[in-house]
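structure_32.pdb follows (PDB, C-alpha atoms, pLDDT in the B column):
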```pdb
ATOM      1  CA  MET F   1     -11.368 -31.167  -3.974  1.00 91.00           C
ATOM      2  CA  TYR F   2     -14.147 -28.611  -3.492  1.00 97.00           C
ATOM      3  CA  VAL F   3     -13.163 -24.991  -4.124  1.00 98.00           C
ATOM      4  CA  THR F   4     -15.159 -21.909  -3.144  1.00 98.00           C
ATOM      5  CA  ALA F   5     -14.280 -18.451  -4.420  1.00 98.00           C
ATOM      6  CA  ILE F   6     -15.096 -15.422  -2.294  1.00 98.00           C
ATOM      7  CA  VAL F   7     -15.326 -12.325  -4.490  1.00 98.00           C
ATOM      8  CA  VAL F   8     -15.211  -9.151  -2.413  1.00 98.00           C
ATOM      9  CA  ALA F   9     -17.107  -6.201  -3.886  1.00 96.00           C
ATOM     10  CA  ALA F  10     -18.529  -4.428  -0.858  1.00 91.00           C
ATOM     11  CA  GLY F  11     -16.713  -1.098  -1.254  1.00 77.00           C
ATOM     12  CA  GLU F  12     -18.111   1.909  -3.081  1.00 64.00           C
ATOM     13  CA  GLY F  13     -14.894   2.735  -4.937  1.00 60.00           C
ATOM     14  CA  ARG F  14     -15.690   6.395  -5.521  1.00 60.00           C
ATOM     15  CA  ARG F  15     -12.153   7.204  -6.714  1.00 60.00           C
ATOM     16  CA  VAL F  16     -13.201   5.957 -10.144  1.00 65.00           C
ATOM     17  CA  GLY F  17     -15.576   8.898 -10.308  1.00 58.00           C
ATOM     18  CA  GLY F  18     -19.304   9.379 -10.810  1.00 66.00           C
ATOM     19  CA  THR F  19     -22.188   8.304  -8.605  1.00 74.00           C
ATOM     20  CA  THR F  20     -22.303   4.620  -9.568  1.00 82.00           C
ATOM     21  CA  SER F  21     -20.653   2.146  -7.204  1.00 87.00           C
ATOM     22  CA  LYS F  22     -17.526   0.694  -8.793  1.00 90.00           C
ATOM     23  CA  PRO F  23     -18.731  -2.925  -9.173  1.00 92.00           C
ATOM     24  CA  TYR F  24     -21.504  -1.767 -11.501  1.00 93.00           C
ATOM     25  CA  LEU F  25     -19.423   0.452 -13.778  1.00 94.00           C
ATOM     26  CA  PRO F  26     -19.182  -0.896 -17.341  1.00 95.00           C
ATOM     27  CA  ILE F  27     -16.009  -2.035 -19.047  1.00 96.00           C
ATOM     28  CA  ALA F  28     -16.565  -2.496 -22.779  1.00 95.00           C
ATOM     29  CA  GLY F  29     -20.297  -2.776 -22.197  1.00 94.00           C
ATOM     30  CA  ARG F  30     -20.263  -5.278 -19.296  1.00 96.00           C
ATOM     31  CA  SER F  31     -20.151  -4.341 -15.633  1.00 96.00           C
ATOM     32  CA  ILE F  32     -16.979  -4.900 -13.639  1.00 97.00           C
ATOM     33  CA  ILE F  33     -18.577  -7.396 -11.272  1.00 97.00           C
ATOM     34  CA  LEU F  34     -20.067  -9.495 -14.071  1.00 97.00           C
ATOM     35  CA  ARG F  35     -16.700  -9.638 -15.822  1.00 97.00           C
ATOM     36  CA  THR F  36     -15.022 -10.743 -12.586  1.00 98.00           C
ATOM     37  CA  LEU F  37     -17.564 -13.519 -12.078  1.00 98.00           C
ATOM     38  CA  ASP F  38     -17.138 -14.564 -15.726  1.00 97.00           C
ATOM     39  CA  ARG F  39     -13.444 -15.166 -15.023  1.00 97.00           C
ATOM     40  CA  CYS F  40     -14.105 -17.201 -11.880  1.00 98.00           C
ATOM     41  CA  PHE F  41     -16.636 -19.436 -13.623  1.00 98.00           C
ATOM     42  CA  ALA F  42     -14.287 -19.928 -16.594  1.00 97.00           C
ATOM     43  CA  THR F  43     -11.856 -21.854 -14.363  1.00 98.00           C
ATOM     44  CA  ARG F  44     -11.629 -25.612 -14.089  1.00 98.00           C
ATOM     45  CA  SER F  45     -11.290 -25.535 -10.315  1.00 98.00           C
ATOM     46  CA  VAL F  46     -13.919 -23.217  -8.801  1.00 98.00           C
ATOM     47  CA  ASN F  47     -17.099 -25.030  -7.762  1.00 98.00           C
ATOM     48  CA  ASP F  48     -19.091 -22.121  -6.418  1.00 97.00           C
ATOM     49  CA  VAL F  49     -18.788 -18.392  -5.749  1.00 98.00           C
ATOM     50  CA  ILE F  50     -19.805 -16.253  -2.786  1.00 98.00           C
ATOM     51  CA  LEU F  51     -20.136 -12.634  -3.840  1.00 98.00           C
ATOM     52  CA  VAL F  52     -19.820 -10.185  -0.947  1.00 98.00           C
ATOM     53  CA  VAL F  53     -21.484  -6.832  -1.627  1.00 97.00           C
ATOM     54  CA  ALA F  54     -22.643  -3.831   0.370  1.00 94.00           C
ATOM     55  CA  GLY F  55     -25.840  -4.535   2.275  1.00 94.00           C
ATOM     56  CA  GLN F  56     -27.761  -1.813   0.471  1.00 94.00           C
ATOM     57  CA  GLU F  57     -26.755  -3.323  -2.885  1.00 93.00           C
ATOM     58  CA  LEU F  58     -27.967  -6.892  -2.248  1.00 95.00           C
ATOM     59  CA  ALA F  59     -31.269  -6.587  -4.101  1.00 95.00           C
ATOM     60  CA  ARG F  60     -29.719  -4.715  -7.009  1.00 94.00           C
ATOM     61  CA  CYS F  61     -26.901  -7.222  -7.359  1.00 95.00           C
ATOM     62  CA  GLU F  62     -29.193 -10.236  -7.145  1.00 95.00           C
ATOM     63  CA  ALA F  63     -31.404  -8.828  -9.877  1.00 95.00           C
ATOM     64  CA  LEU F  64     -28.346  -8.140 -12.052  1.00 95.00           C
ATOM     65  CA  LEU F  65     -26.988 -11.665 -11.722  1.00 96.00           C
ATOM     66  CA  GLN F  66     -30.334 -13.396 -12.170  1.00 94.00           C
ATOM     67  CA  ALA F  67     -31.046 -11.412 -15.333  1.00 95.00           C
ATOM     68  CA  ASP F  68     -27.669 -12.196 -16.916  1.00 96.00           C
ATOM     69  CA  PRO F  69     -27.819 -15.172 -19.316  1.00 95.00           C
ATOM     70  CA  ALA F  70     -24.209 -16.157 -18.641  1.00 92.00           C
ATOM     71  CA  LEU F  71     -24.620 -16.260 -14.861  1.00 92.00           C
ATOM     72  CA  SER F  72     -28.277 -16.959 -14.131  1.00 82.00           C
ATOM     73  CA  GLN F  73     -27.685 -20.720 -13.794  1.00 86.00           C
ATOM     74  CA  ARG F  74     -24.266 -20.533 -12.185  1.00 94.00           C
ATOM     75  CA  PRO F  75     -23.679 -21.597  -8.525  1.00 97.00           C
ATOM     76  CA  TRP F  76     -23.366 -18.194  -6.847  1.00 97.00           C
ATOM     77  CA  ARG F  77     -24.546 -16.879  -3.500  1.00 97.00           C
ATOM     78  CA  LEU F  78     -24.675 -13.382  -2.075  1.00 97.00           C
ATOM     79  CA  GLN F  79     -23.471 -12.154   1.312  1.00 98.00           C
ATOM     80  CA  SER F  80     -23.605  -8.672   2.803  1.00 97.00           C
ATOM     81  CA  GLY F  81     -20.226  -7.115   3.532  1.00 96.00           C
ATOM     82  CA  GLY F  82     -18.814  -5.434   6.603  1.00 95.00           C
ATOM     83  CA  ALA F  83     -17.330  -2.033   7.360  1.00 94.00           C
ATOM     84  CA  THR F  84     -13.865  -3.112   6.142  1.00 95.00           C
ATOM     85  CA  ARG F  85     -12.575  -5.512   3.518  1.00 96.00           C
ATOM     86  CA  GLN F  86     -11.318  -7.817   6.271  1.00 97.00           C
ATOM     87  CA  GLU F  87     -14.780  -7.957   7.819  1.00 97.00           C
ATOM     88  CA  SER F  88     -16.297  -8.614   4.393  1.00 97.00           C
ATOM     89  CA  VAL F  89     -13.980 -11.568   3.773  1.00 98.00           C
ATOM     90  CA  LYS F  90     -14.821 -13.004   7.194  1.00 98.00           C
ATOM     91  CA  ARG F  91     -18.515 -12.763   6.406  1.00 97.00           C
ATOM     92  CA  GLY F  92     -17.863 -14.583   3.155  1.00 98.00           C
ATOM     93  CA  LEU F  93     -16.005 -17.314   5.030  1.00 98.00           C
ATOM     94  CA  GLU F  94     -19.000 -17.761   7.314  1.00 97.00           C
ATOM     95  CA  LYS F  95     -21.110 -18.665   4.279  1.00 97.00           C
ATOM     96  CA  ILE F  96     -18.900 -21.375   2.730  1.00 97.00           C
ATOM     97  CA  ASN F  97     -20.352 -24.861   2.798  1.00 94.00           C
ATOM     98  CA  ASP F  98     -19.036 -27.840   4.724  1.00 95.00           C
ATOM     99  CA  ASP F  99     -17.471 -29.461   1.655  1.00 96.00           C
ATOM    100  CA  THR F 100     -15.128 -26.556   0.908  1.00 98.00           C
ATOM    101  CA  GLU F 101     -11.451 -27.512   1.178  1.00 98.00           C
ATOM    102  CA  ILE F 102      -9.800 -24.572  -0.581  1.00 98.00           C
ATOM    103  CA  VAL F 103     -10.857 -20.926  -0.562  1.00 98.00           C
ATOM    104  CA  VAL F 104     -10.033 -18.469  -3.335  1.00 98.00           C
ATOM    105  CA  ILE F 105     -10.288 -14.816  -2.229  1.00 98.00           C
ATOM    106  CA  HIS F 106     -10.436 -12.327  -5.084  1.00 98.00           C
ATOM    107  CA  ASP F 107     -11.088  -8.610  -5.464  1.00 98.00           C
ATOM    108  CA  GLY F 108     -14.291  -7.873  -7.329  1.00 97.00           C
ATOM    109  CA  ALA F 109     -12.462  -4.943  -8.931  1.00 97.00           C
ATOM    110  CA  ARG F 110      -9.961  -7.214 -10.746  1.00 98.00           C
ATOM    111  CA  PRO F 111     -12.100  -8.220 -13.738  1.00 98.00           C
ATOM    112  CA  LEU F 112      -9.229  -9.240 -16.044  1.00 98.00           C
ATOM    113  CA  VAL F 113      -7.814 -12.061 -13.921  1.00 98.00           C
ATOM    114  CA  SER F 114      -6.829 -15.112 -15.935  1.00 97.00           C
ATOM    115  CA  PRO F 115      -8.868 -18.260 -15.222  1.00 98.00           C
ATOM    116  CA  LEU F 116      -5.679 -20.270 -15.811  1.00 97.00           C
ATOM    117  CA  LEU F 117      -3.933 -18.229 -13.114  1.00 98.00           C
ATOM    118  CA  ILE F 118      -6.689 -19.053 -10.633  1.00 98.00           C
ATOM    119  CA  ASP F 119      -6.353 -22.737 -11.507  1.00 98.00           C
ATOM    120  CA  ARG F 120      -2.568 -22.615 -11.025  1.00 98.00           C
ATOM    121  CA  CYS F 121      -3.042 -21.034  -7.610  1.00 98.00           C
ATOM    122  CA  VAL F 122      -5.533 -23.694  -6.560  1.00 98.00           C
ATOM    123  CA  GLU F 123      -3.219 -26.482  -7.686  1.00 98.00           C
ATOM    124  CA  THR F 124      -0.280 -24.971  -5.802  1.00 98.00           C
ATOM    125  CA  THR F 125      -2.403 -24.408  -2.693  1.00 98.00           C
ATOM    126  CA  TYR F 126      -3.355 -28.067  -2.649  1.00 96.00           C
ATOM    127  CA  GLU F 127       0.364 -28.796  -2.190  1.00 96.00           C
ATOM    128  CA  LYS F 128       1.564 -25.729  -0.244  1.00 97.00           C
ATOM    129  CA  GLY F 129      -1.429 -24.586   1.800  1.00 98.00           C
ATOM    130  CA  ALA F 130      -1.299 -20.838   1.134  1.00 98.00           C
ATOM    131  CA  VAL F 131      -0.620 -19.020  -2.140  1.00 98.00           C
ATOM    132  CA  ILE F 132      -0.760 -15.416  -3.290  1.00 98.00           C
ATOM    133  CA  VAL F 133      -0.355 -13.841  -6.716  1.00 98.00           C
ATOM    134  CA  GLY F 134       2.246 -11.170  -7.396  1.00 98.00           C
ATOM    135  CA  VAL F 135       4.545  -9.625  -9.953  1.00 98.00           C
ATOM    136  CA  PRO F 136       8.149  -8.514  -9.352  1.00 97.00           C
ATOM    137  CA  ALA F 137       8.440  -4.800  -8.624  1.00 96.00           C
ATOM    138  CA  ARG F 138       9.729  -2.887 -11.644  1.00 95.00           C
ATOM    139  CA  ASP F 139      10.179   0.515 -10.006  1.00 95.00           C
ATOM    140  CA  THR F 140      12.478   1.476  -7.163  1.00 96.00           C
ATOM    141  CA  ILE F 141      10.579   1.419  -3.862  1.00 96.00           C
ATOM    142  CA  LYS F 142      11.370   3.785  -0.998  1.00 97.00           C
ATOM    143  CA  LEU F 143      10.132   3.811   2.576  1.00 97.00           C
ATOM    144  CA  VAL F 144       8.944   7.342   3.306  1.00 98.00           C
ATOM    145  CA  SER F 145       7.993   8.964   6.619  1.00 98.00           C
ATOM    146  CA  GLU F 146       4.784  10.915   7.215  1.00 97.00           C
ATOM    147  CA  ASP F 147       6.635  14.158   6.470  1.00 98.00           C
ATOM    148  CA  ARG F 148       7.784  12.580   3.170  1.00 97.00           C
ATOM    149  CA  ARG F 149      11.386  12.084   4.179  1.00 98.00           C
ATOM    150  CA  VAL F 150      13.036   9.058   2.557  1.00 98.00           C
ATOM    151  CA  GLN F 151      13.955   6.594   5.281  1.00 97.00           C
ATOM    152  CA  SER F 152      15.384   3.697   3.265  1.00 97.00           C
ATOM    153  CA  THR F 153      15.516   2.078  -0.149  1.00 97.00           C
ATOM    154  CA  PRO F 154      14.998  -1.689   0.045  1.00 95.00           C
ATOM    155  CA  ALA F 155      16.604  -3.919  -2.570  1.00 94.00           C
ATOM    156  CA  ARG F 156      14.179  -4.262  -5.459  1.00 92.00           C
ATOM    157  CA  ARG F 157      15.200  -7.856  -6.147  1.00 91.00           C
ATOM    158  CA  GLY F 158      13.085  -9.199  -3.283  1.00 92.00           C
ATOM    159  CA  LEU F 159      10.078  -6.897  -3.713  1.00 96.00           C
ATOM    160  CA  TRP F 160       6.829  -8.088  -5.273  1.00 97.00           C
ATOM    161  CA  GLU F 161       3.586  -6.250  -6.001  1.00 97.00           C
ATOM    162  CA  ILE F 162       0.833  -8.426  -4.582  1.00 97.00           C
ATOM    163  CA  GLN F 163      -2.491  -8.959  -6.312  1.00 98.00           C
ATOM    164  CA  THR F 164      -5.395 -11.321  -5.900  1.00 98.00           C
ATOM    165  CA  PRO F 165      -6.440 -14.078  -5.976  1.00 98.00           C
ATOM    166  CA  GLN F 166      -5.073 -15.226  -2.646  1.00 98.00           C
ATOM    167  CA  VAL F 167      -5.790 -18.903  -2.096  1.00 98.00           C
ATOM    168  CA  PHE F 168      -5.722 -20.911   1.123  1.00 98.00           C
ATOM    169  CA  ARG F 169      -6.631 -24.208   2.673  1.00 98.00           C
ATOM    170  CA  ARG F 170      -9.893 -23.571   4.423  1.00 98.00           C
ATOM    171  CA  ASP F 171      -8.612 -24.332   7.917  1.00 97.00           C
ATOM    172  CA  LEU F 172      -5.718 -21.875   7.594  1.00 98.00           C
ATOM    173  CA  ILE F 173      -7.686 -18.858   6.440  1.00 98.00           C
ATOM    174  CA  VAL F 174     -10.609 -19.454   8.802  1.00 98.00           C
ATOM    175  CA  GLU F 175      -8.233 -19.706  11.757  1.00 98.00           C
ATOM    176  CA  GLY F 176      -6.354 -16.605  10.578  1.00 98.00           C
ATOM    177  CA  HIS F 177      -9.517 -14.524  10.474  1.00 98.00           C
ATOM    178  CA  ASP F 178     -10.821 -15.927  13.762  1.00 97.00           C
ATOM    179  CA  ARG F 179      -7.554 -15.022  15.520  1.00 97.00           C
ATOM    180  CA  ALA F 180      -7.569 -11.557  13.983  1.00 97.00           C
ATOM    181  CA  THR F 181     -11.084 -10.954  15.304  1.00 96.00           C
ATOM    182  CA  ARG F 182     -10.164 -12.115  18.812  1.00 96.00           C
ATOM    183  CA  GLU F 183      -6.937 -10.092  18.916  1.00 96.00           C
ATOM    184  CA  GLY F 184      -8.198  -6.967  17.163  1.00 96.00           C
ATOM    185  CA  ILE F 185      -5.737  -7.298  14.278  1.00 95.00           C
ATOM    186  CA  HIS F 186      -6.342  -5.331  11.076  1.00 95.00           C
ATOM    187  CA  ALA F 187      -4.382  -6.523   8.044  1.00 95.00           C
ATOM    188  CA  THR F 188      -4.042  -5.076   4.557  1.00 92.00           C
ATOM    189  CA  ASP F 189      -4.496  -8.476   2.930  1.00 96.00           C
ATOM    190  CA  ASP F 190      -5.579 -11.971   3.926  1.00 98.00           C
ATOM    191  CA  ALA F 191      -2.113 -13.471   3.612  1.00 98.00           C
ATOM    192  CA  MET F 192      -0.905 -11.323   6.520  1.00 98.00           C
ATOM    193  CA  LEU F 193      -3.314 -13.154   8.819  1.00 98.00           C
ATOM    194  CA  VAL F 194      -1.817 -16.506   7.829  1.00 98.00           C
ATOM    195  CA  GLU F 195       1.730 -15.142   8.084  1.00 97.00           C
ATOM    196  CA  ARG F 196       1.001 -14.022  11.664  1.00 96.00           C
ATOM    197  CA  MET F 197       0.356 -17.651  12.598  1.00 97.00           C
ATOM    198  CA  GLY F 198       3.885 -18.563  11.488  1.00 97.00           C
ATOM    199  CA  LYS F 199       2.681 -20.358   8.365  1.00 97.00           C
ATOM    200  CA  SER F 200       4.463 -20.110   5.025  1.00 98.00           C
ATOM    201  CA  VAL F 201       2.795 -18.269   2.170  1.00 98.00           C
ATOM    202  CA  PHE F 202       4.072 -18.869  -1.365  1.00 98.00           C
ATOM    203  CA  VAL F 203       3.965 -16.534  -4.369  1.00 98.00           C
ATOM    204  CA  VAL F 204       2.763 -17.505  -7.827  1.00 98.00           C
ATOM    205  CA  GLU F 205       3.841 -15.048 -10.513  1.00 97.00           C
ATOM    206  CA  GLY F 206       0.814 -13.353 -12.001  1.00 96.00           C
ATOM    207  CA  ASP F 207       0.015 -11.081 -14.924  1.00 96.00           C
ATOM    208  CA  ARG F 208       0.459  -7.324 -15.147  1.00 95.00           C
ATOM    209  CA  SER F 209      -2.899  -7.177 -16.911  1.00 96.00           C
ATOM    210  CA  ASN F 210      -4.545  -8.338 -13.664  1.00 97.00           C
ATOM    211  CA  ILE F 211      -5.112  -4.749 -12.619  1.00 97.00           C
ATOM    212  CA  LYS F 212      -7.375  -3.476  -9.881  1.00 97.00           C
ATOM    213  CA  ILE F 213      -9.832  -0.888 -11.186  1.00 96.00           C
ATOM    214  CA  THR F 214      -9.203   2.116  -8.941  1.00 94.00           C
ATOM    215  CA  VAL F 215      -9.090   5.293 -11.042  1.00 93.00           C
ATOM    216  CA  PRO F 216     -10.706   6.231 -14.393  1.00 93.00           C
ATOM    217  CA  GLU F 217      -7.486   5.514 -16.296  1.00 95.00           C
ATOM    218  CA  ASP F 218      -7.734   1.871 -15.234  1.00 96.00           C
ATOM    219  CA  ILE F 219     -11.033   1.510 -17.080  1.00 95.00           C
ATOM    220  CA  LEU F 220      -9.489   2.963 -20.236  1.00 96.00           C
ATOM    221  CA  PHE F 221      -6.555   0.537 -19.943  1.00 96.00           C
ATOM    222  CA  ALA F 222      -8.859  -2.446 -19.385  1.00 96.00           C
ATOM    223  CA  GLU F 223     -10.993  -1.521 -22.379  1.00 96.00           C
ATOM    224  CA  ALA F 224      -7.881  -1.178 -24.533  1.00 96.00           C
ATOM    225  CA  LEU F 225      -6.741  -4.681 -23.555  1.00 96.00           C
ATOM    226  CA  ILE F 226     -10.150  -6.092 -24.433  1.00 94.00           C
ATOM    227  CA  ARG F 227     -10.386  -4.111 -27.676  1.00 93.00           C
ATOM    228  CA  GLU F 228      -6.960  -5.355 -28.831  1.00 92.00           C
ATOM    229  CA  GLY F 229      -7.894  -8.952 -28.077  1.00 89.00           C
ATOM    230  CA  LEU F 230      -5.335  -9.292 -25.304  1.00 87.00           C
ATOM    231  CA  ILE F 231      -8.106 -10.149 -22.834  1.00 82.00           C
ATOM    232  CA  SER F 232     -11.197 -12.104 -23.799  1.00 63.00           C
TER     233      SER F 232
END
```
Take the structure in the file and write it out as structure tokens.
Amino acid sequence: MYVTAIVVAAGEGRRVGGTTSKPYLPIAGRSIILRTLDRCFATRSVNDVILVVAGQELARCEALLQADPALSQRPWRLQSGGATRQESVKRGLEKINDDTEIVVIHDGARPLVSPLLIDRCVETTYEKGAVIVGVPARDTIKLVSEDRRVQSTPARRGLWEIQTPQVFRRDLIVEGHDRATREGIHATDDAMLVERMGKSVFVVEGDRSNIKITVPEDILFAEALIREGLIS
């Protein structure tokens, strides 16, 4: 079973602050993108990684990876991203090799993902076909209109906060993206494209430490987890 991971890091992520693009910001002395790749290559299941970055960052990213002792000999390839995350994932899919059977899609800004979690998702995908990671919602969720009027309060019991990785059989996710391109569909995650085809998507419970670095406080939290030995 050949597994390719597509790591999407084509956005600038300016909400974190500063002038440096988010993938290159340091967490405990190592850039976010290098930490994310470390986690992918620490798995038992991932054979190679396609890293999707902004076109103007290709040379910078290649130099960073080639100069890093932990990654210089690893099987990674670079691809330029698109205007949206969905377009970036599709470009990554276009670069997978013919042997790939299962595709792992992961946010470059989730550098604390557990390698064991990725392996569990791959194993479940081999049986189920499509798997996403999530954690049960802990807070009450309300649907709110544009004028901030509460419209409804769904039962929390069936609500999950969805993370990445999202893992699919190659044929399913390629077809999902191809259909979305033909029909002009824009989804907020890759699983939606598979759901639209009437296929089942299953949830593997993840870790609350698998945060997406979005605001400065997230960096502080990630560094605290590393400092306390809760994340290697």
*Convert the output of the PyMOL selection byres ((chain F and resi 106-112) around 10) on the shown file into explicit residues, formatted as JSON, numbers by chain.*
{"F": [5, 6, 7, 8, 9, 10, 11, 13, 22, 23, 24, 27, 31, 32, 33, 34, 35, 36, 37, 38, 39, 40, 51, 52, 53, 85, 89, 103, 104, 105, 113, 114, 115, 118, 163, 164, 165, 166, 167, 207, 208, 209, 210, 211, 212, 213, 214, 222, 225, 226, 231, 232]}
_Selection dump of the PyMOL selection byres ((chain F and resi 172) around 10), as an MDAnalysis selection string_ = chainID F and resid 102:103 129:130 168:171 173:178 191 193:194 197 199
Dump of C-alpha atoms for the selected residues, as a CSV table (one decimal), keeping the file's coordinate frame:
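What ended up in part_35.csv:
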```csv
chain,number,residue,atom,x,y,z
F,102,ILE,CA,-9.8,-24.6,-0.6
F,103,VAL,CA,-10.9,-20.9,-0.6
F,129,GLY,CA,-1.4,-24.6,1.8
F,130,ALA,CA,-1.3,-20.8,1.1
F,168,PHE,CA,-5.7,-20.9,1.1
F,169,ARG,CA,-6.6,-24.2,2.7
F,170,ARG,CA,-9.9,-23.6,4.4
F,171,ASP,CA,-8.6,-24.3,7.9
F,173,ILE,CA,-7.7,-18.9,6.4
F,174,VAL,CA,-10.6,-19.5,8.8
F,175,GLU,CA,-8.2,-19.7,11.8
F,176,GLY,CA,-6.4,-16.6,10.6
F,177,HIS,CA,-9.5,-14.5,10.5
F,178,ASP,CA,-10.8,-15.9,13.8
F,191,ALA,CA,-2.1,-13.5,3.6
F,193,LEU,CA,-3.3,-13.2,8.8
F,194,VAL,CA,-1.8,-16.5,7.8
F,197,MET,CA,0.4,-17.7,12.6
F,199,LYS,CA,2.7,-20.4,8.4
```
_Expand the PyMOL selection byres ((chain F and resi 156-158) around 9) into the explicit residue set it covers here, and present it as JSON, numbers by chain._
{"F": [136, 137, 138, 139, 140, 141, 153, 154, 155, 159, 160]}
Using C-alpha atoms, can you write the selected residues to a file as a PDB file, in the frame of the given file?
```pdb
ATOM      1  CA  PRO F 136       8.149  -8.514  -9.352  1.00 97.00           C
ATOM      2  CA  ALA F 137       8.440  -4.800  -8.624  1.00 96.00           C
ATOM      3  CA  ARG F 138       9.729  -2.887 -11.644  1.00 95.00           C
ATOM      4  CA  ASP F 139      10.179   0.515 -10.006  1.00 95.00           C
ATOM      5  CA  THR F 140      12.478   1.476  -7.163  1.00 96.00           C
ATOM      6  CA  ILE F 141      10.579   1.419  -3.862  1.00 96.00           C
ATOM      7  CA  THR F 153      15.516   2.078  -0.149  1.00 97.00           C
ATOM      8  CA  PRO F 154      14.998  -1.689   0.045  1.00 95.00           C
ATOM      9  CA  ALA F 155      16.604  -3.919  -2.570  1.00 94.00           C
ATOM     10  CA  LEU F 159      10.078  -6.897  -3.713  1.00 96.00           C
ATOM     11  CA  TRP F 160       6.829  -8.088  -5.273  1.00 97.00           C
TER      12      TRP F 160
END
```
*Skipping near chain neighbours, those fewer than 2 positions away, what residues fall within 7 Å of F:Glu205 using all atoms listed in the file, listed as a PyMOL selection string?*
chain F and resi 133-135+203
Would you mind exporting C-alpha atoms of the selected residues as a CSV table (one decimal), in the coordinates of the input?
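What follows is the written file selection-v9.csv:
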```
chain,number,residue,atom,x,y,z
F,133,VAL,CA,-0.4,-13.8,-6.7
F,134,GLY,CA,2.2,-11.2,-7.4
F,135,VAL,CA,4.5,-9.6,-10.0
F,203,VAL,CA,4.0,-16.5,-4.4
```
*Hey, what's within 8 Å of F:Val46 if we count only C-alpha atoms and toss same-chain stuff fewer than 2 positions away? As an NGL selection string, please?*
:F and (2-5 or 40-41 or 43-44 or 48-49)
*Point-to-point distance from atom CA of F:Ile185 to atom CA of F:Arg91, Å rounded to tenths*: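 Atom-to-atom, atom CA of F:Ile185 and atom CA of F:Arg91 are spaced 16.0 Å apart.
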